[in-house]
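Enquirer: entry-v6.pdb is the file, holding PDB, C-alpha atoms:
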```
ATOM      1  CA  MET F  21      66.946  19.918  69.914
ATOM      2  CA  PHE F  22      68.881  21.765  72.617
ATOM      3  CA  ALA F  23      72.166  20.549  71.196
ATOM      4  CA  ALA F  24      71.209  21.916  67.778
ATOM      5  CA  LYS F  25      70.217  25.246  69.339
ATOM      6  CA  TRP F  26      73.491  25.572  71.222
ATOM      7  CA  GLY F  27      75.359  24.524  68.121
ATOM      8  CA  ASN F  28      73.721  27.330  66.150
ATOM      9  CA  ILE F  29      74.614  29.821  68.854
ATOM     10  CA  ASP F  30      78.184  28.613  68.847
ATOM     11  CA  PHE F  31      78.309  28.882  65.080
ATOM     12  CA  ASN F  32      76.845  32.388  65.165
ATOM     13  CA  MET F  33      79.421  33.453  67.769
ATOM     14  CA  LYS F  34      82.220  32.135  65.627
ATOM     15  CA  LEU F  35      80.783  33.930  62.614
ATOM     16  CA  LEU F  36      80.479  37.169  64.586
ATOM     17  CA  TYR F  37      84.048  36.765  65.847
ATOM     18  CA  PHE F  38      85.298  36.163  62.310
ATOM     19  CA  PHE F  39      83.687  39.288  60.914
ATOM     20  CA  SER F  40      84.776  41.330  63.944
ATOM     21  CA  MET F  41      88.371  40.249  63.453
ATOM     22  CA  LYS F  42      88.121  40.957  59.740
ATOM     23  CA  LYS F  43      86.820  44.447  60.485
ATOM     24  CA  LEU F  44      89.545  44.970  63.089
ATOM     25  CA  PHE F  45      92.169  43.844  60.595
ATOM     26  CA  LYS F  46      90.858  46.376  58.050
ATOM     27  CA  ILE F  47      90.985  49.132  60.664
ATOM     28  CA  ILE F  48      94.549  48.206  61.625
ATOM     29  CA  LEU F  49      95.575  48.028  57.965
ATOM     30  CA  PHE F  50      93.975  51.425  57.255
ATOM     31  CA  CYS F  51      95.692  53.007  60.270
ATOM     32  CA  SER F  52      99.029  51.481  59.302
ATOM     33  CA  LEU F  53      98.771  52.740  55.730
ATOM     34  CA  THR F  54      97.680  56.165  56.918
ATOM     35  CA  MET F  55     100.606  56.366  59.352
ATOM     36  CA  THR F  56     103.030  55.233  56.645
ATOM     37  CA  VAL F  57     101.769  57.896  54.250
ATOM     38  CA  TYR F  58     101.859  60.542  57.012
ATOM     39  CA  LEU F  59     105.405  59.753  58.115
ATOM     40  CA  GLY F  60     106.574  59.322  54.529
ATOM     41  CA  THR F  61     105.174  62.745  53.619
ATOM     42  CA  LEU F  62     106.902  64.323  56.615
ATOM     43  CA  TYR F  63     110.183  62.657  55.716
ATOM     44  CA  PHE F  64     110.294  63.496  52.026
ATOM     45  CA  ALA F  65     108.645  66.929  52.268
ATOM     46  CA  GLN F  66     110.394  68.192  55.402
ATOM     47  CA  ASN F  67     112.681  70.620  53.570
ATOM     48  CA  ASN F  68     109.594  72.206  52.008
ATOM     49  CA  LEU F  69     108.023  72.412  55.458
ATOM     50  CA  LEU F  70     111.128  73.843  57.132
ATOM     51  CA  PHE F  71     112.551  76.215  54.512
ATOM     52  CA  PHE F  72     110.852  78.921  52.456
ATOM     53  CA  PRO F  73     113.411  80.157  49.922
ATOM     54  CA  ASP F  74     112.890  83.155  47.700
ATOM     55  CA  LYS F  75     114.166  81.904  44.353
ATOM     56  CA  LYS F  76     113.820  85.207  42.514
ATOM     57  CA  TYR F  77     117.271  86.639  43.143
ATOM     58  CA  LYS F  78     117.713  90.264  44.151
ATOM     59  CA  SER F  79     121.080  91.991  43.885
ATOM     60  CA  PRO F  80     122.370  94.773  46.161
ATOM     61  CA  ALA F  81     121.318  97.256  43.472
ATOM     62  CA  ASP F  82     117.814  95.751  43.320
ATOM     63  CA  VAL F  83     117.244  96.527  46.992
ATOM     64  CA  ALA F  84     119.226  99.785  46.928
ATOM     65  CA  ILE F  85     121.839  98.730  49.480
ATOM     66  CA  SER F  86     125.184 100.439  49.076
ATOM     67  CA  GLY F  87     128.463  99.068  50.344
ATOM     68  CA  PHE F  88     127.777  95.432  49.500
ATOM     69  CA  SER F  89     129.196  93.761  46.412
ATOM     70  CA  GLU F  90     128.040  90.488  44.926
ATOM     71  CA  MET F  91     130.580  87.692  44.631
ATOM     72  CA  THR F  92     130.729  83.939  44.022
ATOM     73  CA  LEU F  93     132.340  81.188  46.052
ATOM     74  CA  LYS F  94     133.126  77.931  44.247
ATOM     75  CA  ALA F  95     132.229  74.896  46.368
ATOM     76  CA  SER F  96     134.258  71.684  46.164
ATOM     77  CA  ASP F  97     131.436  69.981  44.253
ATOM     78  CA  GLY F  98     131.398  72.752  41.643
ATOM     79  CA  VAL F  99     128.309  74.631  42.851
ATOM     80  CA  ASN F 100     128.539  78.431  42.671
ATOM     81  CA  ILE F 101     127.598  79.937  46.029
ATOM     82  CA  THR F 102     126.332  83.497  45.754
ATOM     83  CA  ALA F 103     127.523  85.827  48.508
ATOM     84  CA  TRP F 104     127.381  89.480  49.458
ATOM     85  CA  TYR F 105     130.476  91.121  50.881
ATOM     86  CA  HIS F 106     131.058  94.424  52.620
ATOM     87  CA  GLN F 107     134.697  95.322  53.125
ATOM     88  CA  GLY F 108     135.309  96.670  56.601
ATOM     89  CA  ASN F 109     138.337  97.661  58.619
ATOM     90  CA  LYS F 110     140.986  94.942  58.869
ATOM     91  CA  ASP F 111     141.699  95.891  62.471
ATOM     92  CA  LYS F 112     138.164  94.826  63.402
ATOM     93  CA  PRO F 113     136.719  91.318  63.298
ATOM     94  CA  ALA F 114     134.861  90.260  60.174
ATOM     95  CA  ILE F 115     131.305  88.952  60.550
ATOM     96  CA  LEU F 116     130.205  85.791  58.735
ATOM     97  CA  PHE F 117     126.405  85.989  58.797
ATOM     98  CA  LEU F 118     124.042  83.034  58.281
ATOM     99  CA  HIS F 119     120.430  84.045  57.764
ATOM    100  CA  GLY F 120     117.047  82.529  58.637
ATOM    101  CA  ASN F 121     115.036  79.933  56.774
ATOM    102  CA  ALA F 122     112.981  82.245  54.561
ATOM    103  CA  GLY F 123     113.712  84.798  51.865
ATOM    104  CA  GLN F 124     117.288  85.244  50.664
ATOM    105  CA  VAL F 125     120.372  87.310  51.516
ATOM    106  CA  ALA F 126     118.679  90.495  50.268
ATOM    107  CA  THR F 127     115.894  89.982  52.816
ATOM    108  CA  PHE F 128     118.288  90.186  55.763
ATOM    109  CA  ALA F 129     120.972  92.595  54.537
ATOM    110  CA  PRO F 130     119.209  95.855  55.567
ATOM    111  CA  SER F 131     119.208  94.753  59.199
ATOM    112  CA  LEU F 132     123.005  94.435  59.108
ATOM    113  CA  LEU F 133     123.656  98.004  57.958
ATOM    114  CA  PRO F 134     124.288  99.326  61.497
ATOM    115  CA  ILE F 135     127.095  96.773  61.759
ATOM    116  CA  THR F 136     128.685  97.677  58.428
ATOM    117  CA  ASP F 137     128.244 101.382  59.246
ATOM    118  CA  ALA F 138     130.317 100.742  62.377
ATOM    119  CA  GLY F 139     133.212  99.606  60.194
ATOM    120  CA  TYR F 140     132.870  95.837  60.389
ATOM    121  CA  ALA F 141     133.283  93.587  57.367
ATOM    122  CA  VAL F 142     130.293  91.363  56.668
ATOM    123  CA  LEU F 143     130.080  88.311  54.428
ATOM    124  CA  MET F 144     126.655  86.770  53.788
ATOM    125  CA  MET F 145     126.629  83.523  51.815
ATOM    126  CA  GLU F 146     123.472  82.193  50.237
ATOM    127  CA  TYR F 147     122.044  78.765  50.985
ATOM    128  CA  ARG F 148     121.611  76.204  48.248
ATOM    129  CA  GLY F 149     118.190  76.490  46.679
ATOM    130  CA  PHE F 150     117.878  80.165  47.710
ATOM    131  CA  GLY F 151     118.193  83.082  45.293
ATOM    132  CA  LYS F 152     120.309  81.972  42.352
ATOM    133  CA  THR F 153     122.412  79.465  44.300
ATOM    134  CA  GLN F 154     121.679  76.022  42.910
ATOM    135  CA  GLY F 155     121.306  72.737  44.792
ATOM    136  CA  LYS F 156     119.413  71.524  47.836
ATOM    137  CA  ILE F 157     119.777  72.817  51.361
ATOM    138  CA  SER F 158     120.923  70.518  54.160
ATOM    139  CA  GLN F 159     122.934  70.918  57.330
ATOM    140  CA  LYS F 160     125.940  69.302  55.679
ATOM    141  CA  THR F 161     125.961  71.477  52.549
ATOM    142  CA  VAL F 162     125.356  74.748  54.395
ATOM    143  CA  VAL F 163     128.094  74.116  56.946
ATOM    144  CA  GLN F 164     130.558  73.081  54.233
ATOM    145  CA  ASP F 165     129.724  76.222  52.238
ATOM    146  CA  ALA F 166     130.017  78.339  55.392
ATOM    147  CA  ALA F 167     133.458  76.868  56.062
ATOM    148  CA  LEU F 168     134.426  77.928  52.535
ATOM    149  CA  ALA F 169     133.190  81.460  53.286
ATOM    150  CA  PHE F 170     135.097  81.468  56.594
ATOM    151  CA  ASP F 171     138.319  80.508  54.803
ATOM    152  CA  TRP F 172     137.709  83.201  52.178
ATOM    153  CA  LEU F 173     137.598  85.844  54.926
ATOM    154  CA  LYS F 174     140.830  84.489  56.381
ATOM    155  CA  ASP F 175     142.465  84.710  52.962
ATOM    156  CA  LYS F 176     141.316  88.338  52.701
ATOM    157  CA  GLY F 177     143.436  89.132  55.762
ATOM    158  CA  TYR F 178     140.898  89.274  58.582
ATOM    159  CA  SER F 179     142.682  87.896  61.610
ATOM    160  CA  LYS F 180     139.492  87.588  63.658
ATOM    161  CA  ILE F 181     136.166  86.209  62.475
ATOM    162  CA  VAL F 182     132.885  86.218  64.381
ATOM    163  CA  ILE F 183     130.127  83.884  63.226
ATOM    164  CA  SER F 184     126.643  85.354  63.541
ATOM    165  CA  GLY F 185     123.327  83.614  62.903
ATOM    166  CA  TYR F 186     119.657  84.457  63.078
ATOM    167  CA  SER F 187     116.846  81.938  63.621
ATOM    168  CA  PHE F 188     117.617  78.805  61.595
ATOM    169  CA  GLY F 189     120.992  80.309  60.751
ATOM    170  CA  THR F 190     121.985  79.855  64.393
ATOM    171  CA  ALA F 191     121.962  76.062  63.921
ATOM    172  CA  PHE F 192     124.379  76.319  61.005
ATOM    173  CA  SER F 193     126.486  78.788  62.990
ATOM    174  CA  CYS F 194     126.824  76.433  65.945
ATOM    175  CA  ALA F 195     127.726  73.499  63.689
ATOM    176  CA  LEU F 196     130.364  75.584  61.922
ATOM    177  CA  THR F 197     132.227  76.147  65.211
ATOM    178  CA  GLU F 198     133.182  72.474  65.153
ATOM    179  CA  MET F 199     134.839  72.889  61.740
ATOM    180  CA  ARG F 200     136.431  76.315  62.160
ATOM    181  CA  SER F 201     137.871  78.172  65.153
ATOM    182  CA  ALA F 202     135.686  81.239  65.415
ATOM    183  CA  ASP F 203     136.818  84.129  67.594
ATOM    184  CA  GLY F 204     133.228  84.792  68.624
ATOM    185  CA  LEU F 205     129.699  83.532  68.130
ATOM    186  CA  ILE F 206     126.463  85.552  68.043
ATOM    187  CA  LEU F 207     123.093  83.802  68.136
ATOM    188  CA  THR F 208     119.875  85.766  67.632
ATOM    189  CA  ALA F 209     116.622  83.867  68.351
ATOM    190  CA  PRO F 210     118.260  80.421  68.392
ATOM    191  CA  PHE F 211     116.819  76.978  69.077
ATOM    192  CA  SER F 212     118.596  74.312  71.107
ATOM    193  CA  SER F 213     117.888  71.497  68.629
ATOM    194  CA  LEU F 214     115.429  70.808  65.854
ATOM    195  CA  VAL F 215     114.421  67.613  67.654
ATOM    196  CA  LYS F 216     113.316  69.573  70.708
ATOM    197  CA  ILE F 217     111.528  72.368  68.912
ATOM    198  CA  VAL F 218     109.680  69.957  66.611
ATOM    199  CA  SER F 219     108.613  67.905  69.635
ATOM    200  CA  GLU F 220     107.075  71.095  71.056
ATOM    201  CA  LYS F 221     104.957  71.686  67.952
ATOM    202  CA  PRO F 222     101.580  70.028  67.231
ATOM    203  CA  VAL F 223     103.040  67.686  64.609
ATOM    204  CA  PRO F 224     102.863  64.132  66.030
ATOM    205  CA  LEU F 225     105.921  61.888  65.561
ATOM    206  CA  ALA F 226     107.698  64.441  63.369
ATOM    207  CA  ARG F 227     110.868  64.252  65.447
ATOM    208  CA  TRP F 228     111.336  60.599  64.467
ATOM    209  CA  VAL F 229     111.667  61.287  60.733
ATOM    210  CA  LEU F 230     114.041  64.270  60.778
ATOM    211  CA  LYS F 231     116.901  64.014  58.284
ATOM    212  CA  ASP F 232     119.019  66.519  60.246
ATOM    213  CA  ASN F 233     118.692  67.012  64.001
ATOM    214  CA  TYR F 234     120.527  70.373  64.171
ATOM    215  CA  MET F 235     121.844  69.724  67.689
ATOM    216  CA  SER F 236     123.112  73.221  68.466
ATOM    217  CA  VAL F 237     123.263  72.455  72.172
ATOM    218  CA  ASP F 238     125.810  69.694  71.554
ATOM    219  CA  TYR F 239     128.109  72.017  69.596
ATOM    220  CA  LEU F 240     127.959  74.674  72.313
ATOM    221  CA  LYS F 241     129.031  72.126  74.909
ATOM    222  CA  LYS F 242     132.386  72.135  73.099
ATOM    223  CA  TYR F 243     132.550  75.792  72.066
ATOM    224  CA  LYS F 244     134.813  77.845  74.384
ATOM    225  CA  ALA F 245     135.245  81.235  72.676
ATOM    226  CA  PRO F 246     133.130  84.327  73.508
ATOM    227  CA  LEU F 247     129.383  83.852  73.020
ATOM    228  CA  LEU F 248     126.426  86.239  72.820
ATOM    229  CA  ILE F 249     122.813  85.043  72.754
ATOM    230  CA  VAL F 250     119.934  87.473  72.148
ATOM    231  CA  HIS F 251     116.310  86.360  72.287
ATOM    232  CA  GLY F 252     112.876  87.945  72.616
ATOM    233  CA  LYS F 253     110.598  86.809  75.428
ATOM    234  CA  LYS F 254     107.551  87.225  73.175
ATOM    235  CA  ASP F 255     108.994  84.950  70.505
ATOM    236  CA  LYS F 256     106.250  82.405  69.763
ATOM    237  CA  LEU F 257     108.031  80.697  66.892
ATOM    238  CA  ILE F 258     111.100  79.747  68.933
ATOM    239  CA  PRO F 259     110.364  80.159  72.665
ATOM    240  CA  TYR F 260     113.136  81.856  74.608
ATOM    241  CA  HIS F 261     113.727  78.847  76.869
ATOM    242  CA  HIS F 262     115.766  77.485  73.951
ATOM    243  CA  ALA F 263     118.194  80.373  74.445
ATOM    244  CA  GLN F 264     118.421  79.536  78.124
ATOM    245  CA  ILE F 265     119.171  75.878  77.347
ATOM    246  CA  LEU F 266     121.977  76.903  75.004
ATOM    247  CA  PHE F 267     123.411  79.396  77.471
ATOM    248  CA  ASN F 268     123.334  76.947  80.383
ATOM    249  CA  ASN F 269     125.082  74.240  78.351
ATOM    250  CA  ALA F 270     127.678  76.431  76.638
ATOM    251  CA  ALA F 271     131.258  75.676  77.637
ATOM    252  CA  SER F 272     132.347  79.269  77.035
ATOM    253  CA  GLN F 273     133.560  81.170  80.068
ATOM    254  CA  GLU F 274     132.830  84.446  78.259
ATOM    255  CA  LYS F 275     129.145  84.043  77.554
ATOM    256  CA  GLN F 276     126.304  86.536  77.675
ATOM    257  CA  ILE F 277     122.552  86.185  77.273
ATOM    258  CA  LYS F 278     120.129  89.033  76.626
ATOM    259  CA  LEU F 279     116.424  88.219  76.977
ATOM    260  CA  LEU F 280     114.388  91.170  75.734
ATOM    261  CA  GLU F 281     110.971  91.516  77.345
ATOM    262  CA  ASP F 282     108.828  92.877  74.503
ATOM    263  CA  GLU F 283     110.514  91.447  71.404
ATOM    264  CA  THR F 284     109.180  88.818  69.021
ATOM    265  CA  HIS F 285     110.954  86.509  66.599
ATOM    266  CA  THR F 286     110.885  89.132  63.852
ATOM    267  CA  SER F 287     111.204  92.376  65.794
ATOM    268  CA  ILE F 288     114.411  91.320  67.513
ATOM    269  CA  PHE F 289     116.167  91.112  64.150
ATOM    270  CA  PHE F 290     114.287  93.120  61.545
ATOM    271  CA  GLU F 291     113.666  96.031  63.895
ATOM    272  CA  LYS F 292     117.358  95.793  64.845
ATOM    273  CA  LYS F 293     116.668  95.305  68.551
ATOM    274  CA  ASN F 294     119.691  92.991  68.760
ATOM    275  CA  VAL F 295     122.110  95.519  67.243
ATOM    276  CA  PRO F 296     123.124  97.425  70.421
ATOM    277  CA  TYR F 297     124.094  94.184  72.122
ATOM    278  CA  ILE F 298     125.986  92.955  69.064
ATOM    279  CA  LEU F 299     127.954  96.187  68.688
ATOM    280  CA  GLU F 300     128.849  96.159  72.389
ATOM    281  CA  PHE F 301     129.930  92.516  72.095
ATOM    282  CA  LEU F 302     132.102  93.255  69.069
ATOM    283  CA  LYS F 303     133.946  96.039  70.885
ATOM    284  CA  SER F 304     135.654  93.440  73.043
ATOM    285  CA  PHE F 305     137.676  92.035  70.113
TER
END
```
Kindly present the structure from the file in structure tokens form.
Expert:
Amino acid sequence: MFAAKWGNIDFNMKLLYFFSMKKLFKIILFCSLTMTVYLGTLYFAQNNLLFFPDKKYKSPADVAISGFSEMTLKASDGVNITAWYHQGNKDKPAILFLHGNAGQVATFAPSLLPITDAGYAVLMMEYRGFGKTQGKISQKTVVQDAALAFDWLKDKGYSKIVISGYSFGTAFSCALTEMRSADGLILTAPFSSLVKIVSEKPVPLARWVLKDNYMSVDYLKKYKAPLLIVHGKKDKLIPYHHAQILFNNAASQEKQIKLLEDETHTSIFFEKKNVPYILEFLKSF
């Protein structure tokens, strides 16, 4: 009788263990599938999460900006890259400007008027997928298109070219310095790498599925020409310690950093708070 009782208990324990393991397996399977879907969504949708293009193109006339003319650069793969060009004085450096991750060239052009008014040439090329430029944006395509724009300025007779970037455009600007010998580099509200800034955001594991790492800090370790970094201390989108990381790692012996106490990510550019420092920097060329 006791043997039968203990046998039943043993059987019940085995049964309980079986169903517990089955339940655990279902939980593990559910978590694994959920994680796969989560990471897969981050991987395939990351461009939509990172970039916010304005696809309804606006011309210089549409935004009532004088001095800029619309032009087209033909990429090696046949894509027409829309660009805006302001012809400045040939005895001054030309500025190749790479904008942020939202809007289009027309969104950022008004903030560059103090620079064109000072006599500097400015070329702004549009990213693929923005405005009426076709294709998909990536670090590779933007940097290749920017190199094309850089060469176009050289062909126009500008002996000195300064690359300038704002926000996400700073990552493209830094990468371009490895392909072309810029005479100067201006970074407004930059980040040291996409890996680092994503790891600082509340998006678990996102850094592990990035298609492009945008390692600006690595490019600056090799960049030796004059460098200006401007960042706002109240920037909550890209904290200003990223500017400090870039500055500390830059190989340039002619580097400056301006950390502005009361400026945010938008005010430092759209309210033209970076302009005085840029104009002073450009005077040295």
Enquirer: Between F:Ala122, F:Met145, F:Met235, F:Leu196, which is the closest to F:Thr102 once you count only C-alpha atoms?
Expert: F:Met145
Enquirer: Just checking: using all atoms listed in the file, which residue out of F:Leu302, F:Ala209, F:Ile181, F:Ala129 ends up closest to F:Phe88?
Expert: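 Looking only at the distances to F:Phe88, the closest residue turns out to be F:Ala129.
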Enquirer: As an MDAnalysis selection string, please: the residues near F:Tyr186 (cut-off 7 Å, all atoms listed in the file, same-chain neighbours under 4 positions excluded).
Expert: chainID F and resid 118:120 190 207:210
Enquirer: For a quick check of understanding, using all atoms listed in the file, which of F:Arg148, F:Lys112, F:Lys241, F:Lys253 has the smallest distance to F:Asn269?
Expert: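 That would be F:Lys241, the residue with the smallest distance to F:Asn269.
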Enquirer: Leaving out F:Lys303 and any residue of its chain fewer than 5 positions from it, which residues lie within 12 Å of it when counting all atoms listed in the file, given as a ChimeraX atom specification?
Expert: /F:111-113,135,138-140,182,204,296-298
Enquirer: Write a file of the just-selected residues containing C-alpha atoms, as a compact mmCIF listing (two decimals), in the coordinates of the input.
Expert:
```txt
# COMPACT_ATOMS: atom_id res chain seq x y z
CA ASP F 111 141.70 95.89 62.47
CA LYS F 112 138.16 94.83 63.40
CA PRO F 113 136.72 91.32 63.30
CA ILE F 135 127.10 96.77 61.76
CA ALA F 138 130.32 100.74 62.38
CA GLY F 139 133.21 99.61 60.19
CA TYR F 140 132.87 95.84 60.39
CA VAL F 182 132.88 86.22 64.38
CA GLY F 204 133.23 84.79 68.62
CA PRO F 296 123.12 97.42 70.42
CA TYR F 297 124.09 94.18 72.12
CA ILE F 298 125.99 92.96 69.06
```
Enquirer: Kindly resolve the PyMOL selection byres ((chain F and resi 234) around 7) on the present coordinates and return the residues as a list in words.
Expert: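 Answer for the PyMOL selection byres ((chain F and resi 234) around 7): Ala191, Ser213, Leu214, Asp232, Asn233, Met235 and Ser236 of chain F.
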Enquirer: Expanded to explicit residues, what is the PyMOL selection byres ((chain F and resi 171-178) around 10) for this file, as a list in words?
Expert: Leu93, Tyr105, Gln107, Gly108, Asn109, Lys110, Asp111, Lys112, Pro113, Ala114, Ile115, Leu116, Ala141, Val142, Leu143, Asp165, Ala166, Ala167, Leu168, Ala169, Phe170, Ser179, Lys180, Ile181 and Arg200 of chain F
Enquirer: For atom CA of F:Trp104 and atom CA of F:Gly155, determine how far apart the two atoms are, in Å to one decimal place.
Expert: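 Here the two named atoms are 18.4 Å from each other.
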Enquirer: Extract stretch 98-118 of chain F from the structure I just pasted (atoms: N, CA and C atoms) and return it as an mmCIF file, in the first residue's frame.
Expert:
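Once everything was written out, this is decode.cif:
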```
data_model
loop_
_atom_site.group_PDB
_atom_site.id
_atom_site.type_symbol
_atom_site.label_atom_id
_atom_site.label_comp_id
_atom_site.auth_asym_id
_atom_site.auth_seq_id
_atom_site.Cartn_x
_atom_site.Cartn_y
_atom_site.Cartn_z
ATOM 1 N N GLY F 98 24.198 56.649 -61.877
ATOM 2 C CA GLY F 98 23.152 57.248 -62.701
ATOM 3 C C GLY F 98 22.120 58.061 -61.965
ATOM 4 N N VAL F 99 22.142 58.071 -60.637
ATOM 5 C CA VAL F 99 21.157 58.824 -59.861
ATOM 6 C C VAL F 99 21.453 60.320 -59.949
ATOM 7 N N ASN F 100 20.411 61.117 -60.152
ATOM 8 C CA ASN F 100 20.540 62.572 -60.189
ATOM 9 C C ASN F 100 20.453 63.125 -58.768
ATOM 10 N N ILE F 101 21.521 63.763 -58.331
ATOM 11 C CA ILE F 101 21.579 64.330 -56.986
ATOM 12 C C ILE F 101 21.265 65.816 -57.062
ATOM 13 N N THR F 102 20.153 66.211 -56.484
ATOM 14 C CA THR F 102 19.790 67.628 -56.459
ATOM 15 C C THR F 102 20.714 68.386 -55.512
ATOM 16 N N ALA F 103 21.096 69.587 -55.909
ATOM 17 C CA ALA F 103 21.963 70.411 -55.060
ATOM 18 C C ALA F 103 21.604 71.879 -55.229
ATOM 19 N N TRP F 104 21.894 72.650 -54.195
ATOM 20 C CA TRP F 104 21.770 74.099 -54.268
ATOM 21 C C TRP F 104 23.171 74.698 -54.174
ATOM 22 N N TYR F 105 23.394 75.707 -55.013
ATOM 23 C CA TYR F 105 24.732 76.303 -55.085
ATOM 24 C C TYR F 105 24.647 77.817 -55.029
ATOM 25 N N HIS F 106 25.479 78.388 -54.166
ATOM 26 C CA HIS F 106 25.642 79.840 -54.117
ATOM 27 C C HIS F 106 27.081 80.154 -54.494
ATOM 28 N N GLN F 107 27.263 80.943 -55.514
ATOM 29 C CA GLN F 107 28.602 81.274 -55.984
ATOM 30 C C GLN F 107 29.182 82.401 -55.134
ATOM 31 N N GLY F 108 30.282 82.094 -54.467
ATOM 32 C CA GLY F 108 30.943 83.102 -53.648
ATOM 33 C C GLY F 108 32.243 83.559 -54.272
ATOM 34 N N ASN F 109 33.047 84.229 -53.481
ATOM 35 C CA ASN F 109 34.333 84.728 -53.949
ATOM 36 C C ASN F 109 35.346 83.588 -54.047
ATOM 37 N N LYS F 110 36.061 83.526 -55.160
ATOM 38 C CA LYS F 110 37.025 82.443 -55.362
ATOM 39 C C LYS F 110 38.253 82.572 -54.461
ATOM 40 N N ASP F 111 38.451 83.749 -53.886
ATOM 41 C CA ASP F 111 39.593 83.906 -52.986
ATOM 42 C C ASP F 111 39.264 83.481 -51.556
ATOM 43 N N LYS F 112 38.032 83.017 -51.353
ATOM 44 C CA LYS F 112 37.616 82.494 -50.055
ATOM 45 C C LYS F 112 37.309 80.998 -50.192
ATOM 46 N N PRO F 113 37.390 80.262 -49.096
ATOM 47 C CA PRO F 113 37.068 78.836 -49.202
ATOM 48 C C PRO F 113 35.592 78.613 -49.505
ATOM 49 N N ALA F 114 35.304 77.570 -50.241
ATOM 50 C CA ALA F 114 33.924 77.169 -50.492
ATOM 51 C C ALA F 114 33.479 76.229 -49.376
ATOM 52 N N ILE F 115 32.190 76.267 -49.055
ATOM 53 C CA ILE F 115 31.638 75.447 -47.981
ATOM 54 C C ILE F 115 30.769 74.341 -48.596
ATOM 55 N N LEU F 116 31.104 73.101 -48.319
ATOM 56 C CA LEU F 116 30.255 71.972 -48.689
ATOM 57 C C LEU F 116 29.468 71.596 -47.444
ATOM 58 N N PHE F 117 28.148 71.832 -47.485
ATOM 59 C CA PHE F 117 27.317 71.661 -46.290
ATOM 60 C C PHE F 117 26.477 70.393 -46.383
ATOM 61 N N LEU F 118 26.492 69.609 -45.301
ATOM 62 C CA LEU F 118 25.710 68.374 -45.199
ATOM 63 C C LEU F 118 24.729 68.525 -44.036
#
```
